[in-house]
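structure_22.tsv (TSV, C-alpha atoms and all ligand atoms) appears below.
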```tsv
chain	number	residue	atom	x	y	z
A	23	MET	CA	2.08	1.16	8.09
A	24	SER	CA	-0.27	-1.66	8.81
A	25	PHE	CA	-3.78	-0.82	9.80
A	26	ILE	CA	-5.59	-2.94	12.38
A	27	ASN	CA	-9.30	-2.27	12.50
A	28	TYR	CA	-10.82	-3.83	15.62
A	29	SER	CA	-14.22	-2.60	14.57
A	30	SER	CA	-14.44	-4.37	11.21
A	31	ARG	CA	-11.89	-7.00	12.33
A	32	GLU	CA	-9.51	-6.39	9.46
A	33	ILE	CA	-5.79	-6.09	9.08
A	34	ASN	CA	-4.30	-4.22	6.13
A	35	CYS	CA	-0.67	-4.43	5.13
A	36	LYS	CA	1.29	-2.79	2.33
A	37	ILE	CA	3.91	-4.74	0.41
A	38	VAL	CA	6.12	-3.04	-2.17
A	39	TYR	CA	7.94	-4.80	-5.02
A	40	TYR	CA	11.19	-2.92	-5.61
A	41	GLY	CA	14.04	-3.47	-8.07
A	42	PRO	CA	15.75	-2.17	-11.21
A	43	GLY	CA	13.92	-1.42	-14.46
A	44	LEU	CA	12.60	-4.47	-16.36
A	45	CYS	CA	13.52	-6.92	-13.57
A	46	GLY	CA	9.96	-8.31	-13.55
A	47	LYS	CA	8.06	-6.56	-10.74
A	48	THR	CA	4.93	-5.96	-12.77
A	49	THR	CA	5.14	-9.52	-14.14
A	50	ASN	CA	5.06	-10.86	-10.54
A	51	LEU	CA	1.82	-8.96	-9.88
A	52	HIS	CA	0.26	-10.11	-13.15
A	53	TYR	CA	0.98	-13.71	-12.30
A	54	ILE	CA	-0.48	-13.34	-8.80
A	55	TYR	CA	-3.52	-11.62	-10.26
A	56	ASN	CA	-4.10	-14.36	-12.83
A	57	LYS	CA	-3.74	-17.18	-10.32
A	58	THR	CA	-5.90	-15.73	-7.55
A	59	SER	CA	-9.57	-16.56	-7.35
A	60	PRO	CA	-11.97	-13.67	-8.13
A	61	GLN	CA	-13.30	-13.40	-4.56
A	62	ALA	CA	-9.77	-13.01	-3.17
A	63	LYS	CA	-8.65	-10.15	-5.35
A	64	GLY	CA	-9.69	-6.68	-6.41
A	65	LYS	CA	-9.00	-4.88	-9.64
A	66	MET	CA	-5.36	-4.51	-10.64
A	67	ILE	CA	-4.42	-0.93	-11.45
A	68	SER	CA	-1.38	-0.19	-13.60
A	69	LEU	CA	-0.26	3.37	-14.13
A	70	ALA	CA	2.10	2.70	-17.01
A	71	THR	CA	3.62	4.32	-20.10
A	72	GLU	CA	2.47	3.34	-23.57
A	73	THR	CA	5.32	0.85	-23.71
A	74	GLU	CA	4.12	-0.80	-20.49
A	75	ARG	CA	6.86	0.51	-18.29
A	76	THR	CA	5.55	1.38	-14.83
A	77	LEU	CA	5.10	5.14	-14.60
A	78	PHE	CA	3.81	5.57	-11.06
A	79	PHE	CA	2.73	2.23	-9.61
A	80	ASP	CA	0.89	-1.05	-10.09
A	81	PHE	CA	-1.59	-1.89	-7.38
A	82	LEU	CA	-3.17	-5.25	-6.57
A	83	PRO	CA	-5.39	-5.67	-3.51
A	84	LEU	CA	-5.63	-9.21	-2.11
A	85	GLN	CA	-8.19	-10.29	0.44
A	86	LEU	CA	-6.79	-13.47	1.85
A	87	GLY	CA	-8.21	-15.73	4.51
A	88	GLU	CA	-8.66	-15.03	8.19
A	89	ILE	CA	-6.26	-15.33	11.06
A	90	ARG	CA	-7.83	-15.57	14.50
A	91	GLY	CA	-11.01	-14.00	13.19
A	92	PHE	CA	-9.28	-11.11	11.46
A	93	LYS	CA	-9.61	-10.71	7.71
A	94	THR	CA	-6.18	-10.07	6.26
A	95	ARG	CA	-5.72	-7.80	3.29
A	96	PHE	CA	-2.48	-7.27	1.49
A	97	HIS	CA	-2.04	-4.32	-0.82
A	98	LEU	CA	0.71	-5.09	-3.31
A	99	TYR	CA	2.44	-2.22	-5.06
A	100	THR	CA	5.29	-2.08	-7.57
A	101	VAL	CA	7.53	0.93	-8.03
A	102	PRO	CA	8.79	2.20	-11.38
A	103	GLY	CA	12.31	0.78	-11.69
A	104	GLN	CA	13.75	3.27	-14.16
A	105	VAL	CA	16.36	5.40	-12.44
A	106	PHE	CA	14.80	8.78	-13.20
A	107	TYR	CA	11.50	7.94	-11.47
A	108	ASP	CA	13.07	8.21	-8.03
A	109	ALA	CA	10.60	10.80	-6.72
A	110	SER	CA	7.74	8.40	-7.44
A	111	ARG	CA	9.54	5.49	-5.77
A	112	LYS	CA	9.85	7.50	-2.58
A	113	LEU	CA	6.13	8.17	-2.56
A	114	ILE	CA	5.19	4.52	-3.03
A	115	LEU	CA	7.44	3.51	-0.12
A	116	LYS	CA	5.46	5.62	2.33
A	117	GLY	CA	3.84	3.43	4.93
A	118	VAL	CA	5.39	0.21	3.60
A	119	ASP	CA	5.24	-2.90	5.81
A	120	GLY	CA	7.35	-5.27	3.75
A	121	ILE	CA	9.56	-5.30	0.67
A	122	VAL	CA	10.12	-7.82	-2.08
A	123	PHE	CA	13.34	-6.92	-3.79
A	124	VAL	CA	13.23	-8.37	-7.30
A	125	ALA	CA	16.68	-8.75	-8.82
A	126	ASP	CA	17.32	-9.46	-12.49
A	127	SER	CA	19.51	-12.58	-12.59
A	128	GLN	CA	21.22	-11.60	-15.85
A	129	ARG	CA	24.91	-10.88	-15.32
A	130	ALA	CA	24.65	-7.67	-17.31
A	131	ARG	CA	22.13	-6.37	-14.78
A	132	MET	CA	24.20	-7.04	-11.66
A	133	GLU	CA	25.24	-3.41	-11.23
A	134	ALA	CA	21.70	-2.22	-11.80
A	135	ASN	CA	20.57	-4.61	-9.04
A	136	GLU	CA	23.20	-3.29	-6.64
A	137	GLU	CA	22.37	0.31	-7.43
A	138	SER	CA	18.70	-0.38	-6.85
A	139	ILE	CA	19.34	-1.92	-3.41
A	140	PHE	CA	21.41	1.11	-2.43
A	141	ASN	CA	18.67	3.37	-3.72
A	142	LEU	CA	16.14	1.41	-1.66
A	143	ALA	CA	18.26	1.78	1.48
A	144	ASP	CA	18.56	5.54	0.90
A	145	ASN	CA	14.87	6.03	0.25
A	146	LEU	CA	13.92	3.99	3.28
A	147	LYS	CA	16.31	5.95	5.43
A	148	GLU	CA	14.77	9.21	4.29
A	149	GLN	CA	11.56	7.99	5.87
A	150	CYS	CA	13.26	6.76	9.01
A	151	TYR	CA	13.02	3.09	8.07
A	152	ASP	CA	16.07	0.88	8.38
A	153	ILE	CA	16.71	-1.61	5.58
A	154	ALA	CA	18.26	-3.90	8.17
A	155	LYS	CA	15.06	-4.02	10.19
A	156	ILE	CA	12.15	-3.86	7.77
A	157	PRO	CA	10.71	-7.23	6.64
A	158	MET	CA	12.30	-7.99	3.28
A	159	VAL	CA	12.90	-10.89	0.91
A	160	LEU	CA	15.04	-11.16	-2.22
A	161	GLN	CA	13.83	-12.71	-5.43
A	162	TYR	CA	16.32	-13.66	-8.15
A	163	ASN	CA	14.12	-13.50	-11.21
A	164	LYS	CA	14.59	-14.61	-14.83
A	165	ARG	CA	16.19	-17.92	-13.89
A	166	ASP	CA	15.08	-19.24	-17.28
A	167	LEU	CA	17.57	-17.07	-19.17
A	168	PRO	CA	20.86	-18.63	-20.26
A	169	MET	CA	22.72	-15.47	-19.19
A	170	ALA	CA	21.51	-15.83	-15.60
A	171	ALA	CA	24.33	-15.61	-13.08
A	172	PRO	CA	24.71	-18.55	-10.67
A	173	ALA	CA	22.72	-18.19	-7.48
A	174	GLU	CA	25.85	-18.04	-5.33
A	175	GLU	CA	27.07	-15.02	-7.22
A	176	LEU	CA	23.77	-13.19	-6.72
A	177	THR	CA	23.81	-14.03	-3.03
A	178	ARG	CA	27.34	-12.76	-2.64
A	179	ARG	CA	26.73	-9.51	-4.49
A	180	LEU	CA	23.25	-8.69	-3.25
A	181	ASN	CA	22.32	-10.55	-0.11
A	182	THR	CA	24.43	-8.65	2.38
A	183	ARG	CA	22.01	-9.16	5.26
A	184	GLN	CA	20.86	-12.76	5.09
A	185	TRP	CA	17.44	-11.94	3.73
A	186	PRO	CA	15.38	-14.97	2.73
A	187	GLU	CA	15.97	-15.51	-1.00
A	188	PHE	CA	13.99	-17.15	-3.78
A	189	MET	CA	14.73	-18.21	-7.35
A	190	ALA	CA	11.99	-17.21	-9.75
A	191	THR	CA	10.79	-17.04	-13.31
A	192	ALA	CA	7.93	-14.61	-13.02
A	193	THR	CA	6.75	-15.17	-16.60
A	194	ASN	CA	5.75	-18.76	-15.79
A	195	GLY	CA	5.14	-18.22	-12.09
A	196	PHE	CA	8.01	-20.26	-10.72
A	197	GLY	CA	8.85	-18.89	-7.25
A	198	VAL	CA	6.27	-16.12	-7.35
A	199	PHE	CA	3.94	-17.39	-4.63
A	200	ASP	CA	6.81	-18.70	-2.49
A	201	THR	CA	8.16	-15.17	-2.45
A	202	LEU	CA	4.79	-13.65	-1.60
A	203	LYS	CA	4.10	-16.15	1.19
A	204	GLU	CA	7.43	-15.47	2.82
A	205	ILE	CA	7.00	-11.70	2.84
A	206	ALA	CA	3.42	-12.09	4.12
A	207	LYS	CA	4.74	-14.22	6.94
A	208	LEU	CA	7.51	-11.78	7.85
A	209	VAL	CA	5.08	-8.86	7.85
A	210	LEU	CA	2.56	-10.64	10.06
A	211	GLN	CA	5.33	-11.74	12.40
A	212	GLU	CA	6.44	-8.14	12.67
A	213	LEU	CA	2.87	-7.15	13.52
A	214	LYS	CA	2.94	-9.70	16.27
A	215	LYS	CA	5.40	-7.48	18.07
A	216	GLY	CA	2.78	-4.75	18.29
A	217	THR	CA	3.32	-1.01	18.19
A	218	ARG	CA	6.87	0.13	18.21
B	235	MET	CA	9.74	3.18	11.92
B	236	SER	CA	6.24	4.62	11.71
B	237	SER	CA	3.81	3.13	14.16
B	238	GLN	CA	0.87	1.18	12.87
B	239	MET	CA	-2.58	2.61	12.79
B	240	VAL	CA	-5.17	1.05	15.02
B	241	MET	CA	-8.90	1.62	14.88
B	242	TYR	CA	-11.20	0.78	17.78
B	243	ASP	CA	-14.95	0.27	17.74
B	244	GLU	CA	-15.85	3.49	19.48
B	245	GLU	CA	-13.76	5.79	17.28
B	246	PHE	CA	-14.81	3.87	14.19
B	247	ARG	CA	-18.52	4.46	14.89
B	248	HIS	CA	-17.81	8.06	15.66
B	249	ILE	CA	-15.99	8.57	12.35
B	250	GLU	CA	-18.78	6.76	10.54
B	251	THR	CA	-21.35	9.13	12.04
B	252	VAL	CA	-19.37	12.18	10.98
B	253	CYS	CA	-18.98	10.89	7.40
B	254	GLU	CA	-22.64	9.96	7.10
B	255	ARG	CA	-23.69	13.35	8.37
B	256	LEU	CA	-21.32	15.00	5.94
B	257	ALA	CA	-22.80	13.02	3.04
B	258	ARG	CA	-26.31	14.04	4.08
B	259	ASP	CA	-25.65	17.69	4.86
B	260	SER	CA	-23.63	18.34	1.71
B	261	VAL	CA	-26.12	16.36	-0.42
B	262	ALA	CA	-23.18	14.32	-1.74
B	263	ARG	CA	-23.42	11.01	-3.57
B	264	ALA	CA	-20.78	9.44	-1.38
B	265	VAL	CA	-18.12	10.25	1.19
B	266	PHE	CA	-14.96	8.24	1.79
B	267	LEU	CA	-12.32	8.51	4.44
B	268	ILE	CA	-9.04	6.96	3.35
B	269	ASP	CA	-5.80	6.51	5.19
B	270	LYS	CA	-2.85	8.23	3.46
B	271	ASN	CA	-1.44	4.84	2.49
B	272	GLY	CA	-4.49	4.06	0.41
B	273	GLN	CA	-6.55	1.95	2.77
B	274	LEU	CA	-10.22	2.70	3.09
B	275	ILE	CA	-11.33	3.60	6.60
B	276	VAL	CA	-15.00	4.50	6.17
B	277	ALA	CA	-17.47	4.76	3.29
B	278	ALA	CA	-20.75	6.67	3.59
B	279	GLY	CA	-23.64	7.62	1.30
B	280	GLN	CA	-24.20	5.57	-1.89
B	281	SER	CA	-20.76	4.07	-1.61
B	282	ALA	CA	-21.82	0.71	-3.02
B	283	ASN	CA	-21.78	2.26	-6.51
B	284	PHE	CA	-18.03	2.72	-6.40
B	285	ASP	CA	-14.98	0.48	-6.58
B	286	THR	CA	-13.77	1.72	-3.21
B	287	THR	CA	-10.48	-0.20	-3.10
B	288	SER	CA	-9.29	1.19	-6.44
B	289	LEU	CA	-10.56	4.63	-5.55
B	290	ALA	CA	-8.69	4.62	-2.25
B	291	SER	CA	-5.38	3.61	-3.78
B	292	LEU	CA	-5.61	6.12	-6.66
B	293	VAL	CA	-6.62	9.01	-4.40
B	294	ALA	CA	-3.78	8.19	-2.00
B	295	GLY	CA	-1.37	8.10	-4.96
B	296	GLU	CA	-2.65	11.43	-6.13
B	297	ILE	CA	-2.30	13.02	-2.69
B	298	ALA	CA	1.20	11.60	-2.40
B	299	ALA	CA	2.16	13.03	-5.80
B	300	THR	CA	0.63	16.39	-4.90
B	301	GLY	CA	2.54	16.35	-1.63
B	302	GLY	CA	5.74	15.78	-3.60
B	303	LEU	CA	4.89	18.77	-5.80
B	304	ALA	CA	4.20	20.92	-2.75
B	305	GLN	CA	7.60	20.07	-1.33
B	306	LEU	CA	9.27	21.00	-4.60
B	307	MET	CA	7.60	24.37	-4.45
B	308	GLY	CA	8.39	24.95	-0.81
B	309	GLU	CA	4.75	24.65	0.25
B	310	ARG	CA	3.91	22.63	3.33
B	311	GLU	CA	1.03	20.90	1.60
B	312	PHE	CA	-1.67	21.41	-1.01
B	313	SER	CA	-4.45	20.37	1.28
B	314	THR	CA	-7.37	20.27	-1.16
B	315	LEU	CA	-7.90	19.03	-4.70
B	316	PHE	CA	-10.97	19.47	-6.83
B	317	HIS	CA	-11.85	17.55	-9.99
B	318	GLU	CA	-14.77	18.60	-12.11
B	319	GLY	CA	-16.44	16.05	-14.37
B	320	ASP	CA	-19.42	16.14	-16.71
B	321	ARG	CA	-21.57	14.35	-14.18
B	322	ASP	CA	-19.66	13.93	-10.94
B	323	ASN	CA	-17.17	16.07	-9.09
B	324	LEU	CA	-14.53	15.06	-6.59
B	325	HIS	CA	-13.52	17.11	-3.59
B	326	ILE	CA	-10.42	15.71	-1.92
B	327	SER	CA	-8.85	17.06	1.26
B	328	VAL	CA	-6.30	16.00	3.82
B	329	VAL	CA	-7.58	15.82	7.40
B	330	ALA	CA	-5.65	15.42	10.62
B	331	SER	CA	-2.45	15.07	8.54
B	332	ARG	CA	-2.98	11.35	8.14
B	333	ALA	CA	-6.30	10.78	6.42
B	334	ILE	CA	-7.94	11.86	3.18
B	335	LEU	CA	-11.56	12.89	2.94
B	336	VAL	CA	-13.17	12.35	-0.46
B	337	VAL	CA	-16.59	13.76	-1.35
B	338	ILE	CA	-18.25	12.74	-4.60
B	339	PHE	CA	-21.10	15.02	-5.62
B	340	ASP	CA	-23.19	15.98	-8.64
B	341	LYS	CA	-25.45	18.82	-9.75
B	342	ARG	CA	-27.87	18.42	-6.86
B	343	THR	CA	-25.47	20.38	-4.68
B	344	SER	CA	-22.74	23.02	-5.00
B	345	LEU	CA	-19.02	23.23	-4.43
B	346	GLY	CA	-19.67	26.01	-1.91
B	347	LEU	CA	-21.89	23.83	0.26
B	348	VAL	CA	-19.55	20.86	-0.01
B	349	ARG	CA	-16.61	23.03	1.04
B	350	LEU	CA	-18.47	24.40	4.00
B	351	ARG	CA	-19.57	20.97	5.26
B	352	VAL	CA	-16.15	19.44	4.64
B	353	LYS	CA	-14.58	22.11	6.79
B	354	LYS	CA	-16.92	21.31	9.65
B	355	GLY	CA	-16.54	17.55	9.24
B	356	ALA	CA	-12.75	17.83	9.07
B	357	GLU	CA	-12.66	19.63	12.41
B	358	GLU	CA	-14.64	16.84	14.05
B	359	LEU	CA	-12.46	14.17	12.46
B	360	GLU	CA	-9.39	15.97	13.68
B	361	THR	CA	-10.61	15.63	17.27
B	362	ILE	CA	-11.40	11.94	16.86
B	363	PHE	CA	-8.00	11.18	15.34
B	364	GLN	CA	-6.30	13.03	18.15
B	365	ALA	CA	-8.16	10.86	20.64
B	366	LEU	CA	-7.23	7.77	18.66
B	367	VAL	CA	-3.54	8.63	18.69
B	368	GLU	CA	-3.64	9.14	22.45
B	369	ARG	CA	-5.53	5.94	23.02
B	370	THR	CA	-3.15	3.90	20.88
B	371	ALA	CA	-0.17	5.39	22.69
B	372	LYS	CA	-1.71	4.50	26.03
B	373	GLU	CA	-3.08	1.04	25.30
B	374	GLY	CA	-0.53	0.01	22.71
B	375	ALA	CA	-1.54	-2.06	19.73
B	376	GLN	CA	-2.14	-5.61	20.83
B	377	THR	CA	-1.89	-7.94	17.96
B	378	PRO	CA	-4.67	-10.47	17.55
B	379	PHE	CA	-2.24	-13.25	16.74
B	380	ALA	CA	0.41	-13.68	19.33
B	381	GLU	CA	1.52	-17.06	18.03
B	382	LEU	CA	1.53	-17.30	14.27
B	383	THR	CA	2.31	-20.60	12.58
B	384	ASP	CA	3.46	-21.52	9.08
B	385	GLU	CA	0.16	-23.30	8.75
B	386	ASP	CA	-1.70	-20.03	9.35
B	387	ILE	CA	0.18	-18.46	6.47
B	388	ASP	CA	-0.45	-21.39	4.13
B	389	ASN	CA	-4.15	-21.29	4.99
B	390	LEU	CA	-4.26	-17.64	3.99
B	391	PHE	CA	-3.32	-18.57	0.46
B	392	SER	CA	-5.65	-21.51	0.09
B	393	VAL	CA	-8.64	-19.31	-0.78
A	401	LIG	N1	12.63	-14.48	-19.69
A	401	LIG	C1	12.03	-13.86	-18.70
A	401	LIG	N2	11.47	-12.65	-18.91
A	401	LIG	C2	10.85	-12.04	-17.87
A	401	LIG	C3	10.76	-12.63	-16.58
A	401	LIG	N3	10.08	-11.80	-15.78
A	401	LIG	C4	9.76	-10.71	-16.52
A	401	LIG	N4	10.23	-10.85	-17.79
A	401	LIG	C5	10.08	-9.90	-18.90
A	401	LIG	O1	10.81	-8.74	-18.64
A	401	LIG	C6	10.13	-7.60	-19.18
A	401	LIG	C7	9.93	-6.54	-18.10
A	401	LIG	O2	9.05	-7.03	-17.10
A	401	LIG	P1	8.21	-6.07	-16.14
A	401	LIG	O3	7.50	-6.94	-15.18
A	401	LIG	O4	7.41	-5.11	-16.92
A	401	LIG	O5	9.40	-5.28	-15.44
A	401	LIG	P2	9.30	-4.17	-14.28
A	401	LIG	O6	10.26	-4.59	-13.23
A	401	LIG	O7	7.89	-3.97	-13.88
A	401	LIG	O8	9.88	-2.88	-15.05
A	401	LIG	P3	9.60	-1.30	-14.70
A	401	LIG	O9	8.13	-1.14	-14.63
A	401	LIG	O10	10.21	-0.52	-15.80
A	401	LIG	O11	10.30	-1.04	-13.41
A	401	LIG	C8	8.84	-8.11	-19.76
A	401	LIG	O12	9.01	-8.26	-21.14
A	401	LIG	C9	8.64	-9.46	-19.09
A	401	LIG	O13	7.93	-10.36	-19.89
A	401	LIG	C10	11.37	-13.94	-16.40
A	401	LIG	O14	11.32	-14.54	-15.32
A	401	LIG	N5	11.98	-14.48	-17.49
A	402	MG	MG	6.69	-2.36	-13.83
```
Would you mind writing the file out in structure tokens?
Amino acid sequence: MSFINYSSREINCKIVYYGPGLCGKTTNLHYIYNKTSPQAKGKMISLATETERTLFFDFLPLQLGEIRGFKTRFHLYTVPGQVFYDASRKLILKGVDGIVFVADSQRARMEANEESIFNLADNLKEQCYDIAKIPMVLQYNKRDLPMAAPAEELTRRLNTRQWPEFMATATNGFGVFDTLKEIAKLVLQELKKGTR
Amino acid sequence: MSSQMVMYDEEFRHIETVCERLARDSVARAVFLIDKNGQLIVAAGQSANFDTTSLASLVAGEIAATGGLAQLMGEREFSTLFHEGDRDNLHISVVASRAILVVIFDKRTSLGLVRLRVKKGAEELETIFQALVERTAKEGAQTPFAELTDEDIDNLFSV
């Protein structure tokens, strides 16, 4: 749920990175954090296990430039991808404005990707969101791996609704900002429509 | 889909006044009002001493997790949380179903006084939020950028 503050002239939006375990959600946020100038970012918070798996969420606040005199802030969250953390995923989705679905390009992870998209649709539905209507982009991550499936195969298996899609290698940053820019654009365009 | 939250000048000032009064009357170090999604609405008292953005997101996460626990146990909500530290204490409560009031206080005051003042403040905030909901429903949320260009988006990321 975006928050427009006419008093302080600020707009806040919440973007959630979703996807199966180990697909690279946290790595996306780390890259964004490392490449953003200090005045445009806040502290990154990671609630993780000792083995660096996300336990509850990662959080990265970005204060980007202005649009028509309004400061825009994006709050980026990741969910824990491991199947058994579903209760936490539902909580993080509350009030979401846009979703980056990070898929793991490795063939062996294709079913995990599909399951995660279904899980996303279910969890959104529980909160009266419709996966067909909410701003969303797909990111096919880990393009650097030799076991990566061809893009066409990922599109066919995962992109059932013509979402914008991006190739990425989050570890070196390839595709990371393209993905973020597109979701930011879709979210702001949705805002343009005003209250539903 | 849930409607977006809109804050207007008048209600904002009003909320600010309530939070500042609460900070003063309860002798708290700081008072924060946070939207349930983790966005800071108002900070009062010595708020400059705190990383408010991190605080807001963690408190919202905690309230969300507590809400999940409440559901599991068949409770409607656990509406207050209290954390006691060596130096500072945190009193966290849900107000008007959609916001979270956080009071940070130390030994100069007592939990009893904080509780009492929070109760009063929460009632006032409830009224303001009610008015806000009605106003938003009536006026609708006009967006400040009717025509958004690709260039606008690129500029956002050039900072
Ligand atoms: N080769 C390669 N490895 C990657 C890429 N992106 C992430 N990884 C690695 O994959 C592992 C998991 O990455 P994370 O970002 O922690 O995955 P996650 O999606 O946050 O996982 P959960 O928190 O369990 O849901 C790490 O070892 C990363 O370095 C990529 O593009 N290429
Ligand atoms: Mg993670």
For stretch 127-132 of chain A, list every protein, DNA or RNA residue within 7 Å, evaluated using all atoms listed in the file, and leave out those in the same chain fewer than 6 positions away; present the list as a PyMOL selection string.
chain A and resi 162-165+169-171
May I have a table of the residues of chain A lying at most 8 Å from chain B, giving each one's closest pair of atoms and their distance in Å to one decimal, counting all atoms listed in the file, ordered by chain and ascending residue number, as a tab-separated table?
```
residue	atom	partner	partner_atom	distance
A:Met23	CA	B:Gln238	CA	4.9
A:Ser24	CA	B:Gln238	CA	5.1
A:Phe25	CA	B:Met239	CA	4.7
A:Ile26	CA	B:Val240	CA	4.8
A:Asn27	CA	B:Met241	CA	4.6
A:Tyr28	CA	B:Tyr242	CA	5.1
A:Ser29	CA	B:Asp243	CA	4.3
A:Asn34	CA	B:Gln273	CA	7.4
A:Ser59	CA	B:Val393	CA	7.2
A:Ala62	CA	B:Val393	CA	6.8
A:Gly64	CA	B:Thr287	CA	7.3
A:Lys65	CA	B:Ser288	CA	6.9
A:Ile67	CA	B:Ser288	CA	7.3
A:Phe81	CA	B:Ser291	CA	7.6
A:Pro83	CA	B:Thr287	CA	7.5
A:Leu86	CA	B:Leu390	CA	5.3
A:Gly87	CA	B:Leu390	CA	4.4
A:Glu88	CA	B:Leu390	CA	6.6
A:Ile89	CA	B:Asp386	CA	6.8
A:Arg90	CA	B:Phe379	CA	6.5
A:Phe92	CA	B:Pro378	CA	7.7
A:Ala109	CA	B:Gly302	CA	7.6
A:Ser110	CA	B:Ala299	CA	7.4
A:Leu113	CA	B:Ala298	CA	6.0
A:Ile114	CA	B:Gly295	CA	7.7
A:Lys116	CA	B:Asn271	CA	6.9
A:Gly117	CA	B:Asn271	CA	6.0
A:Gln149	CA	B:Met235	CA	7.9
A:Cys150	CA	B:Met235	CA	5.8
A:Tyr151	CA	B:Met235	CA	5.1
A:Asp152	CA	B:Met235	CA	7.6
A:Lys203	CA	B:Ile387	CA	7.0
A:Ala206	CA	B:Ile387	CA	7.5
A:Lys207	CA	B:Ile387	CA	6.2
A:Leu210	CA	B:Leu382	CA	7.9
A:Gln211	CA	B:Leu382	CA	7.0
A:Leu213	CA	B:Thr377	CA	6.6
A:Lys214	CA	B:Thr377	CA	5.4
A:Lys215	CA	B:Thr377	CA	7.3
A:Gly216	CA	B:Ala375	CA	5.3
A:Thr217	CA	B:Ala375	CA	5.2
A:Arg218	CA	B:Ser237	CA	5.9
```
Give me the residues within 7 Å of stretch 332-334 of chain B as an mmCIF file with C-alpha atoms, keeping the file's coordinate frame, counting all atoms listed in the file and dropping any in the same chain fewer than 3 places off.
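Printed below is out-v3.cif as written:
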```
data_model
loop_
_atom_site.group_PDB
_atom_site.id
_atom_site.type_symbol
_atom_site.label_atom_id
_atom_site.label_comp_id
_atom_site.auth_asym_id
_atom_site.auth_seq_id
_atom_site.Cartn_x
_atom_site.Cartn_y
_atom_site.Cartn_z
ATOM 1 C CA LEU B 267 -12.320 8.510 4.440
ATOM 2 C CA ILE B 268 -9.040 6.960 3.350
ATOM 3 C CA ASP B 269 -5.800 6.510 5.190
ATOM 4 C CA LYS B 270 -2.850 8.230 3.460
ATOM 5 C CA ILE B 326 -10.420 15.710 -1.920
ATOM 6 C CA SER B 327 -8.850 17.060 1.260
ATOM 7 C CA VAL B 328 -6.300 16.000 3.820
ATOM 8 C CA VAL B 329 -7.580 15.820 7.400
#
```
Provide the atom CA of B:Lys372 to atom CA of A:Lys93 distance in Å, to one decimal place.
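That distance, rounded to one decimal, is 25.1 Å.
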Could you state the separation of atom CA of A:Leu146 and atom CA of A:Val118 in Å, given to one decimal place?
9.3 Å
